[in-house]
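To start, the structure itself, in structure tokens.
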Amino acid sequence: MVREGYYFGVPPLVLGGVSYLLHWTVTAVVLLLLALFVFSFFRDPDRVIPSEPGAVVSPGDGRVVVVTEEENNGRPGKRVSIFLAVWNVHVNRSPAAGTIMKLEYRPGKFLAAMRERASLENEQNVFTLSTEAGELVFKQIAGLIARRVVSWKKAGENVARGERIGLVRFGSRVDLWVPKEAEIAVKVGENVKGGSSVLARWPAKPKMDKLEVGTAESDANLAAAGKRS
């Protein structure tokens with residue numbers, strides 16, 4: 001369980017115990033059930049992180065509600081949106097290994113996270129992550145009940161694939177945007193788990209080593225010389 005769970009769960013637990021000692025049975029039961037719910041909400045299970053090269057994993061647990069083509073700053077790409085119900089794990093994870101180039105907090109509305117407009121209009125943290133394959137974007141988005149997006153990372157930090165990066169409190173949404181070259185591996189209606197479910201495959205392009213670069217340049221120069229002669 002993450003640390004925030006103690007802040008929210010201990011008070012109703014203590015009040016429930018006091019109510020029980022005062023023989024306020026109904027109040028005690030309600031408070032104890034509330035405490036159990038809060039502790040469950042803030043659970044943080046370990047996950048098996050895929051080692052497949054180019055795998056882009058889910059930033060959170062939930063159900064895929066949108067898979068669509070979408071531009072990001074003029075770049076063609078694809079967006080996957082995941083709805084997190086109150087019973088899902090709400091710890092968010094990095095979809096890939098890389099460096100957080102930009103982390104932008106955007107204040108906004110608290111529309112129901114199932115609604116399409118939530119991706120643009122709700123309060124959110126927007127991460128721009130530089131990976132070996134290129135840049136991708138993912139978001140933590142507040143919902144109707146969730147009223148706070150929490151990031152445990154900051155711009156300039158390196159993260160591993162599946163590493164914990166923050167959470168959204170009480171029902172929310174996460175979005176993932178990848179360039180058009182990436183192959184989406186999920187469809188609407190699928191249930192996914194943060195850090196372990198593969199949402200897309202986007203392998204890095206192989207880099208030519210110095211010997212290969214030198215050979216290619218030499219071949220190009222010889223070809224050019226042959227044409228001039």
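Naming works like this for the structure tokens: A, B, ... for the chains as they're shown, residue 1 at the start of each chain, ligands 1 onward in shown order.
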All residues 9 Å or closer to Glu132 (chain A), only C-alpha atoms, same chain fewer than 2 positions away omitted, as a PyMOL selection string | chain A and resi 54+97-98+130+134-135+203-205
Name all residues at most 7 Å from Val137 (chain A) (count only C-alpha atoms; drop same-chain ones fewer than 5 positions away) and give them as an NGL selection string.
-> :A and (127-129 or 176-178)
Would you put the residues from that selection into a file with all heavy atoms, as a short mmCIF file (atom, residue, chain, number, x, y, z; two decimals), in the first residue's frame?
```cif
data_model
loop_
_atom_site.label_atom_id
_atom_site.label_comp_id
_atom_site.auth_asym_id
_atom_site.auth_seq_id
_atom_site.Cartn_x
_atom_site.Cartn_y
_atom_site.Cartn_z
N PHE A 127 3.00 13.95 -19.16
CA PHE A 127 4.40 13.57 -19.21
C PHE A 127 4.84 13.43 -20.67
O PHE A 127 4.19 12.72 -21.44
CB PHE A 127 4.62 12.22 -18.53
CG PHE A 127 4.34 12.18 -17.05
CD1 PHE A 127 3.04 12.15 -16.57
CD2 PHE A 127 5.39 12.17 -16.14
CE1 PHE A 127 2.78 12.09 -15.21
CE2 PHE A 127 5.14 12.11 -14.78
CZ PHE A 127 3.84 12.07 -14.31
N THR A 128 5.94 14.06 -21.03
CA THR A 128 6.58 13.81 -22.32
C THR A 128 7.85 13.00 -22.04
O THR A 128 8.76 13.47 -21.35
CB THR A 128 6.94 15.12 -23.03
OG1 THR A 128 5.75 15.89 -23.24
CG2 THR A 128 7.58 14.83 -24.39
N LEU A 129 7.88 11.79 -22.57
CA LEU A 129 8.95 10.85 -22.27
C LEU A 129 9.80 10.59 -23.51
O LEU A 129 9.29 10.21 -24.55
CB LEU A 129 8.36 9.53 -21.76
CG LEU A 129 9.34 8.46 -21.28
CD1 LEU A 129 10.07 8.92 -20.02
CD2 LEU A 129 8.59 7.15 -21.01
N LEU A 176 -2.43 7.36 -23.22
CA LEU A 176 -1.11 7.12 -23.80
C LEU A 176 -1.15 7.53 -25.26
O LEU A 176 -2.05 7.11 -26.00
CB LEU A 176 -0.73 5.64 -23.69
CG LEU A 176 0.52 5.22 -24.48
CD1 LEU A 176 1.79 5.75 -23.81
CD2 LEU A 176 0.60 3.70 -24.61
N TRP A 177 -0.19 8.36 -25.68
CA TRP A 177 -0.08 8.73 -27.09
C TRP A 177 1.26 8.25 -27.62
O TRP A 177 2.31 8.47 -26.99
CB TRP A 177 -0.16 10.24 -27.27
CG TRP A 177 -0.05 10.66 -28.73
CD1 TRP A 177 -1.06 10.80 -29.63
CD2 TRP A 177 1.17 10.96 -29.43
NE1 TRP A 177 -0.55 11.16 -30.86
CE2 TRP A 177 0.81 11.27 -30.77
CE3 TRP A 177 2.51 10.99 -29.07
CZ2 TRP A 177 1.76 11.61 -31.73
CZ3 TRP A 177 3.46 11.32 -30.03
CH2 TRP A 177 3.07 11.63 -31.35
N VAL A 178 1.22 7.57 -28.78
CA VAL A 178 2.44 7.10 -29.44
C VAL A 178 2.39 7.52 -30.91
O VAL A 178 1.31 7.69 -31.49
CB VAL A 178 2.59 5.56 -29.34
CG1 VAL A 178 2.91 5.14 -27.92
CG2 VAL A 178 1.33 4.85 -29.84
#
```
Between A:Arg3, A:Lys187, A:Arg93, A:Lys180, single out the one closest to Val38 (chain A), counting only C-alpha atoms.
->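 The closest residue to Val38 (chain A) is A:Arg3.
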Selection: 10 Å around region 56-60 of chain A, only C-alpha atoms, excl. self and same-chain fewer than 6 positions, as a PyMOL selection string = chain A and resi 49-50+80-84+88-97+136+138-140+161-168+172-176+178+182-185+192-203
Name the residues of region 14-67 of chain A that come out as strand (DSSP E or B) in a backbone DSSP run; write them as a PyMOL selection string.
-> chain A and resi 55-57+62-67
Can you write just those residues out, all heavy atoms, as a JSON list (two decimals), in the first residue's frame?
```json
[["chain", "number", "residue", "atom", "x", "y", "z"],
["A", 55, "ALA", "N", 8.35, -2.95, -26.21],
["A", 55, "ALA", "CA", 7.02, -3.02, -25.59],
["A", 55, "ALA", "C", 6.72, -1.72, -24.86],
["A", 55, "ALA", "O", 7.56, -1.19, -24.12],
["A", 55, "ALA", "CB", 6.96, -4.20, -24.62],
["A", 56, "VAL", "N", 5.51, -1.21, -25.07],
["A", 56, "VAL", "CA", 5.03, -0.03, -24.36],
["A", 56, "VAL", "C", 3.89, -0.50, -23.45],
["A", 56, "VAL", "O", 2.86, -0.98, -23.94],
["A", 56, "VAL", "CB", 4.51, 1.06, -25.33],
["A", 56, "VAL", "CG1", 4.02, 2.28, -24.55],
["A", 56, "VAL", "CG2", 5.61, 1.46, -26.31],
["A", 57, "VAL", "N", 4.08, -0.40, -22.14],
["A", 57, "VAL", "CA", 3.12, -0.98, -21.21],
["A", 57, "VAL", "C", 2.08, 0.05, -20.75],
["A", 57, "VAL", "O", 2.26, 1.25, -20.94],
["A", 57, "VAL", "CB", 3.84, -1.59, -19.98],
["A", 57, "VAL", "CG1", 4.79, -2.68, -20.41],
["A", 57, "VAL", "CG2", 4.58, -0.51, -19.18],
["A", 62, "GLY", "N", -7.20, -0.83, -15.55],
["A", 62, "GLY", "CA", -8.53, -0.41, -15.93],
["A", 62, "GLY", "C", -8.99, -1.02, -17.24],
["A", 62, "GLY", "O", -8.48, -2.05, -17.68],
["A", 63, "ARG", "N", -9.96, -0.36, -17.84],
["A", 63, "ARG", "CA", -10.55, -0.84, -19.09],
["A", 63, "ARG", "C", -10.28, 0.14, -20.21],
["A", 63, "ARG", "O", -10.43, 1.35, -20.05],
["A", 63, "ARG", "CB", -12.07, -1.02, -18.91],
["A", 63, "ARG", "CG", -12.78, -1.58, -20.15],
["A", 63, "ARG", "CD", -14.18, -2.05, -19.78],
["A", 63, "ARG", "NE", -14.99, -0.97, -19.24],
["A", 63, "ARG", "CZ", -15.75, -0.14, -20.00],
["A", 63, "ARG", "NH1", -15.76, -0.29, -21.32],
["A", 63, "ARG", "NH2", -16.47, 0.81, -19.45],
["A", 64, "VAL", "N", -9.86, -0.38, -21.37],
["A", 64, "VAL", "CA", -9.60, 0.46, -22.54],
["A", 64, "VAL", "C", -10.93, 1.00, -23.06],
["A", 64, "VAL", "O", -11.83, 0.24, -23.40],
["A", 64, "VAL", "CB", -8.88, -0.34, -23.65],
["A", 64, "VAL", "CG1", -8.67, 0.53, -24.88],
["A", 64, "VAL", "CG2", -7.55, -0.88, -23.13],
["A", 65, "VAL", "N", -11.05, 2.33, -23.11],
["A", 65, "VAL", "CA", -12.31, 2.95, -23.56],
["A", 65, "VAL", "C", -12.15, 3.68, -24.90],
["A", 65, "VAL", "O", -13.14, 3.96, -25.57],
["A", 65, "VAL", "CB", -12.86, 3.92, -22.50],
["A", 65, "VAL", "CG1", -13.33, 3.16, -21.27],
["A", 65, "VAL", "CG2", -11.84, 4.98, -22.12],
["A", 66, "VAL", "N", -10.92, 3.97, -25.30],
["A", 66, "VAL", "CA", -10.69, 4.66, -26.58],
["A", 66, "VAL", "C", -9.40, 4.15, -27.21],
["A", 66, "VAL", "O", -8.38, 4.00, -26.52],
["A", 66, "VAL", "CB", -10.56, 6.20, -26.40],
["A", 66, "VAL", "CG1", -10.21, 6.86, -27.73],
["A", 66, "VAL", "CG2", -11.84, 6.80, -25.85],
["A", 67, "VAL", "N", -9.46, 3.84, -28.50],
["A", 67, "VAL", "CA", -8.27, 3.62, -29.33],
["A", 67, "VAL", "C", -8.53, 4.39, -30.61],
["A", 67, "VAL", "O", -9.44, 4.06, -31.37],
["A", 67, "VAL", "CB", -8.04, 2.12, -29.65],
["A", 67, "VAL", "CG1", -6.83, 1.97, -30.58],
["A", 67, "VAL", "CG2", -7.83, 1.31, -28.38]]
```
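The space between CA of Gln124 (chain A) and CA of Trp152 (chain A) spans 14.0 Å.
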Filtered DSSP result for region 29-172 of chain A, state helix (DSSP H, G or I), as a ChimeraX atom specification = /A:29-41,118-121
